[in-house]
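Written below as structure tokens is the structure these notes are about.
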Amino acid sequence: MNEVKGAVRDGRIEIAIIGRVDSTNAHEVEEAIMDIASPNPGLPVVLDAEKLDYISSAGLRVVLRVKKTHPDMTITGVNSEVYEILDMTGFTEMMRVEKAYRVVSVEGCEEIGRGANGTIYRIDQDNVVKVYNNADALADIQHEREVAKVALILGIPTAISYDVVKVGESYGSVFELLNARSFSKILAKEPDKLDWCVKEYVDMLKKIHGTLVPAGKLPDMRETAVSWAAFMKEHLPEKAGEKLCALVEAVPHDDHMIHGDYHTKNLELQGDEVLLIDMDTLAVGHPVFELASMYNAFIGFSEYDHEVIKSFQGFDFDTSVSFWNKVLAAYLDTEDEARIREVEDKARVVGYTRLVRRAIRRGGLDNEKSRAEIELWTKELLELLERVDSLVF
């Protein structure tokens with residue numbers, strides 16, 4: 001059976017092609033498409049291929065002729081077989097082609113990670129899916145896949161995403177993690193391995209920070225941090241706000257990699273290999289920005305309510321503080337307490353800036369607990385700004 005159906009909706013021409021398009025029916029299919037498209041020159045055309053089973057070279061030439069009169073063309077809902085044809089023949093480079101997405105449910109699945117943009121669930125023994133918070137997440141997924149590819153090429157061990165799926169009203173990216181355990185779970189269930197986790201965690205961190213990224217391949221975290229400081233300037237006393245902006249702006253540009261959300265849920269042990277996951281925050285920048293994010297993950301978020309770390313990472317606040325202190329000492333390769341606290345203070349300036357901004361933007365001033373957190377973090381930030389004169393170390 002072959003059928004072409006279409007209509008003009010929301011300023012675009014939507015045409016569904018059902019069945020097969022080959023030499024036996026290509027002329028009729030073209031006529032049907034043109035009957036729908038021709039009265040509306042210039043409008044974008046969306047070809048719905050969800051029920052298109054096969055397309056031959058004759059059908060591809062139909063698509064090319066339609067594109068000549070309607071250059072803005074998208075083909076959606078393409079099954080794997082048809083997508084392979086379009087990809088091999090170069091059509092995926094000439095126009096936007098969207099594959100049909102397998103539907104996956106995460107109901108009852110174990111949550112193994114949570115980041116700024118999504119949550120990672122184990123969907124079976126071998127695979128996990130990262131479900132994005134944004135319902136229109138295809139651009140986010142493409143970004144994460146691209147930056148993860150950059151990291152992999154540069155030698156960072158990471159899980160490889162191989163499938164994009166539909167999860168409820170959003171989208172997800174599936175990747176393989178064979179019987180992997182997060183460092184959070186190891187710390188929670190095997191506290192005697194804390195020192196081992198510290199070593200492996202720091203080894204990976206140094207590998208990340210030692211990786212030079214070709215210009216333009218990753219976002220610049222310094223630019224983001226400058227915008228955080230500019231926001232906070234409106235919520236601090238004038239001199240403090242000006243100093244904060246000056247401190248952040250004085251951090252030099254750095255083309256070395258940072259993860260951006262480097263905590264123990266985003267490090268997985270698979271067999272005897274440590275893998276980095278949740279790569280959407282990957283960037284370049286000075287390590288102070290990384291340490292700020294780490295401080296928030298292990299202490300800052302839980303500073304007012306120590307139970308937060310338990311629900312977030314699975315281990316208690318004392319373990320988190322101990323882990324952070326050991327990590328910072330190992331990363332700096334020193335036992336000098338004054339040096340450790342000096343660098344920690346620099347990270348805390350950026351960390352509190354980010355925490356307060358985040359809380360305010362999420363309506364925290366209207367919530368009693370969040371207001372108390374904002375007051376605590378702001379007080380700490382103001383005290384730090386009185387003595388910290390550089391964020392560089």
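Labeling convention for the structure tokens: chains A, B, ... as they appear, residues from 1 per chain, ligands from 1 in order of appearance.
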
*From a DSSP calculation on the backbone, collect every residue of segment 245-344 of chain A in strand (DSSP E) and output the set as a list in words.*
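For segment 245-344 of chain A, the strand (DSSP E) set is Met257, Ile258, Leu267, Glu268, Leu269, Gln270, Glu273, Val274, Leu275, Leu276, Ala283 and Val284 of chain A.
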
Once you have the residues from the selection above, write them out as a compact mmCIF listing (two decimals), in the first residue's frame, restricted to N, CA and C atoms.
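Final file, result32.txt:
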# COMPACT_ATOMS: atom_id res chain seq x y z
N MET A 257 41.18 20.99 29.52
CA MET A 257 39.83 20.47 29.75
C MET A 257 39.44 20.52 31.22
N ILE A 258 38.17 20.80 31.48
CA ILE A 258 37.56 20.56 32.78
C ILE A 258 36.23 19.86 32.54
N LEU A 267 31.73 9.22 38.12
CA LEU A 267 32.89 8.36 37.89
C LEU A 267 32.43 6.92 38.14
N GLU A 268 32.60 6.06 37.15
CA GLU A 268 32.12 4.69 37.22
C GLU A 268 33.29 3.71 37.12
N LEU A 269 33.22 2.66 37.93
CA LEU A 269 34.19 1.57 37.86
C LEU A 269 33.56 0.42 37.10
N GLN A 270 34.09 0.15 35.91
CA GLN A 270 33.60 -0.96 35.08
C GLN A 270 34.73 -1.99 34.97
N GLU A 273 38.38 -0.76 35.02
CA GLU A 273 38.56 0.50 34.29
C GLU A 273 37.65 1.58 34.88
N VAL A 274 38.22 2.76 35.08
CA VAL A 274 37.45 3.91 35.57
C VAL A 274 36.99 4.72 34.37
N LEU A 275 35.67 5.00 34.31
CA LEU A 275 35.09 5.74 33.19
C LEU A 275 34.44 7.02 33.68
N LEU A 276 34.58 8.07 32.92
CA LEU A 276 33.94 9.35 33.19
C LEU A 276 32.63 9.41 32.43
N ALA A 283 34.09 21.37 29.33
CA ALA A 283 34.47 22.72 28.91
C ALA A 283 35.99 22.84 28.99
N VAL A 284 36.47 24.04 28.69
CA VAL A 284 37.87 24.37 28.96
C VAL A 284 37.89 25.49 29.98

_Neighbour list for segment 46-48 of chain A as a ChimeraX atom specification, cut-off 9 Å, only C-alpha atoms, skip fewer than 3 positions in-chain_ = /A:6,12-18,51-52,72-78

Export N, CA, C and O atoms of the chosen residues as a CSV table (one decimal), in the first residue's frame?
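Below is the file result17.csv, written as the result:
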chain,number,residue,atom,x,y,z
A,6,GLY,N,-1.2,15.1,3.4
A,6,GLY,CA,-0.5,16.3,3.9
A,6,GLY,C,-1.5,17.4,4.1
A,6,GLY,O,-2.7,17.4,3.8
A,12,ARG,N,4.0,25.6,8.1
A,12,ARG,CA,4.8,24.6,7.4
A,12,ARG,C,3.9,23.6,6.7
A,12,ARG,O,2.8,23.3,7.1
A,13,ILE,N,4.5,23.0,5.7
A,13,ILE,CA,3.8,21.9,4.9
A,13,ILE,C,4.2,20.6,5.5
A,13,ILE,O,5.3,20.2,5.4
A,14,GLU,N,3.2,19.9,6.0
A,14,GLU,CA,3.5,18.5,6.6
A,14,GLU,C,2.9,17.5,5.7
A,14,GLU,O,1.7,17.4,5.4
A,15,ILE,N,3.8,16.6,5.2
A,15,ILE,CA,3.4,15.5,4.3
A,15,ILE,C,3.9,14.2,4.8
A,15,ILE,O,5.1,14.0,5.1
A,16,ALA,N,2.9,13.3,4.9
A,16,ALA,CA,3.3,11.9,5.4
A,16,ALA,C,3.3,11.0,4.2
A,16,ALA,O,2.4,11.0,3.4
A,17,ILE,N,4.4,10.2,4.1
A,17,ILE,CA,4.5,9.2,3.0
A,17,ILE,C,4.4,7.8,3.6
A,17,ILE,O,5.2,7.5,4.5
A,18,ILE,N,3.5,7.0,3.1
A,18,ILE,CA,3.2,5.7,3.7
A,18,ILE,C,3.5,4.6,2.7
A,18,ILE,O,3.2,4.7,1.5
A,51,LYS,N,6.0,6.0,8.5
A,51,LYS,CA,5.5,4.8,8.0
A,51,LYS,C,6.0,4.5,6.6
A,51,LYS,O,5.4,3.8,5.8
A,52,LEU,N,7.1,5.2,6.2
A,52,LEU,CA,7.8,4.9,5.0
A,52,LEU,C,8.7,3.7,5.1
A,52,LEU,O,9.6,3.7,5.9
A,72,ASP,N,13.8,24.6,2.2
A,72,ASP,CA,13.8,24.3,3.7
A,72,ASP,C,13.0,23.0,3.9
A,72,ASP,O,11.8,23.0,4.0
A,73,MET,N,13.7,21.9,3.9
A,73,MET,CA,13.1,20.6,4.0
A,73,MET,C,13.6,19.8,5.1
A,73,MET,O,14.8,19.8,5.4
A,74,THR,N,12.7,19.1,5.9
A,74,THR,CA,13.1,18.2,6.9
A,74,THR,C,12.4,16.9,6.7
A,74,THR,O,11.3,16.8,6.3
A,75,ILE,N,13.1,15.8,6.9
A,75,ILE,CA,12.5,14.4,6.9
A,75,ILE,C,12.5,13.9,8.3
A,75,ILE,O,13.6,13.8,8.9
A,76,THR,N,11.4,13.5,8.9
A,76,THR,CA,11.3,13.1,10.3
A,76,THR,C,10.8,11.6,10.4
A,76,THR,O,10.3,11.1,9.4
A,77,GLY,N,11.1,11.0,11.6
A,77,GLY,CA,10.6,9.7,11.9
A,77,GLY,C,11.1,8.6,11.0
A,77,GLY,O,10.5,7.6,10.7
A,78,VAL,N,12.4,8.7,10.5
A,78,VAL,CA,13.0,7.8,9.6
A,78,VAL,C,13.4,6.5,10.3
A,78,VAL,O,14.2,6.6,11.3

I'd like a table as JSON lines: residues in segment 288-307 of chain A with an atom no more than 10 Å from segment 216-233 of chain A, each row giving the shortest atom pair and its distance in Å to one decimal, only C-alpha atoms counted, sorted by chain and rising residue number.
{"residue": "A:Val288", "atom": "CA", "partner": "A:Arg222", "partner_atom": "CA", "distance": 9.9}
{"residue": "A:Phe289", "atom": "CA", "partner": "A:Met221", "partner_atom": "CA", "distance": 7.3}
{"residue": "A:Glu290", "atom": "CA", "partner": "A:Met221", "partner_atom": "CA", "distance": 9.2}

*List every residue of segment 45-182 of chain A that DSSP, applied to the backbone of this structure, assigns to helix (DSSP H, G or I), and report them as number ranges by chain.*
A: 57-69, 80-88, 91-94, 138-153

*Write out as an NGL selection string the residues lying within 9 Å of Val349 of chain A, counting only C-alpha atoms and excluding same-chain residues fewer than 2 positions away.*
:A and (244 or 292 or 344-347 or 351-354 or 380-382 or 384-385 or 388 or 391)

With a distance cut-off of 10 Å and only C-alpha atoms, select the neighbouring residues of Gln125 of chain A, excluding the residue or stretch itself and same-chain residues fewer than 5 positions from it, and output the selection as an mmCIF file with C-alpha atoms, in the first residue's frame.
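As a result, around-v4.cif now contains:
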data_model
loop_
_atom_site.group_PDB
_atom_site.id
_atom_site.type_symbol
_atom_site.label_atom_id
_atom_site.label_comp_id
_atom_site.auth_asym_id
_atom_site.auth_seq_id
_atom_site.Cartn_x
_atom_site.Cartn_y
_atom_site.Cartn_z
ATOM 1 C CA GLU A 176 26.882 0.818 27.610
ATOM 2 C CA LEU A 177 28.066 0.365 31.177
ATOM 3 C CA LEU A 178 28.652 -3.301 31.912
ATOM 4 C CA ASN A 179 28.026 -3.999 35.599
ATOM 5 C CA ALA A 180 29.559 -0.635 36.457
#

May I have the residues within 12 Å of segment 40-43 of chain A as an mmCIF file with C-alpha atoms, in the first residue's frame, using only C-alpha atoms and disregarding those fewer than 4 positions away in the same chain?
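Generated file (result.cif):
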data_model
loop_
_atom_site.group_PDB
_atom_site.id
_atom_site.type_symbol
_atom_site.label_atom_id
_atom_site.label_comp_id
_atom_site.auth_asym_id
_atom_site.auth_seq_id
_atom_site.Cartn_x
_atom_site.Cartn_y
_atom_site.Cartn_z
ATOM 1 C CA ALA A 7 -1.695 19.663 5.144
ATOM 2 C CA VAL A 8 -0.387 23.118 6.021
ATOM 3 C CA ARG A 9 0.006 23.546 9.796
ATOM 4 C CA ASP A 10 1.744 26.222 11.855
ATOM 5 C CA GLY A 11 3.379 27.816 8.843
ATOM 6 C CA ARG A 12 4.823 24.636 7.356
ATOM 7 C CA ILE A 13 3.756 21.930 4.916
ATOM 8 C CA GLU A 14 3.495 18.540 6.619
ATOM 9 C CA ILE A 33 3.390 15.803 -2.956
ATOM 10 C CA MET A 34 3.408 18.673 -5.450
ATOM 11 C CA ASP A 35 -0.382 18.973 -5.268
ATOM 12 C CA ILE A 36 0.054 19.691 -1.563
ATOM 13 C CA VAL A 66 10.668 18.838 -4.088
ATOM 14 C CA LYS A 67 13.690 20.388 -2.346
ATOM 15 C CA LYS A 68 14.374 22.571 -5.411
ATOM 16 C CA THR A 69 11.031 24.318 -4.946
ATOM 17 C CA HIS A 70 11.041 24.156 -1.145
ATOM 18 C CA PRO A 71 14.702 24.394 -0.007
ATOM 19 C CA ASP A 72 13.778 24.316 3.679
ATOM 20 C CA MET A 73 13.059 20.603 4.003
ATOM 21 C CA THR A 74 13.142 18.185 6.930
#

*asked:* Between atom CA of Tyr132 of chain A and atom CA of Ile120 of chain A, what is the distance in Å, rounded to a tenth?
replied: 8.7 Å

*Fewer than 5 positions away in the same chain doesn't count, so skip those; otherwise give me all residues within 9 Å of Ala58 of chain A, counting only C-alpha atoms, as a list in words.*
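The contact residues come out as Val21, Asp22, Ser23, Thr24, Asn25, Ala26 and His27 of chain A.
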
*Using only C-alpha atoms, find the one residue out of A:Ile85, A:Ile360, A:Leu236, A:Met279 that sits nearest to Ser161 of chain A.*
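Smallest distance to Ser161 of chain A is found for A:Met279.
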
*Nearest-residue call for Cys109 of chain A, choices A:Met95, A:Val131, A:Ile374, A:Leu212, using only C-alpha atoms*: A:Val131

*A:Ala139, A:Asn2, A:Phe393, A:Ile309: which is nearest Arg339 of chain A, counting only C-alpha atoms?*
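Among the listed residues, the smallest separation from Arg339 of chain A belongs to A:Phe393.
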
*asked:* As an exercise, work out the distance from atom CA of Ile299 of chain A to atom CA of Gly115 of chain A in Å and give it to one decimal place.
replied: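 Result for atom CA of Ile299 of chain A versus atom CA of Gly115 of chain A: 16.2 Å, one decimal.
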
*Measuring atom to atom with only C-alpha atoms, identify which of A:Asp316, A:Asp53, A:Glu98, A:Glu110 is nearest to Val165 of chain A.*
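Smallest separation from Val165 of chain A among the options: A:Glu98.
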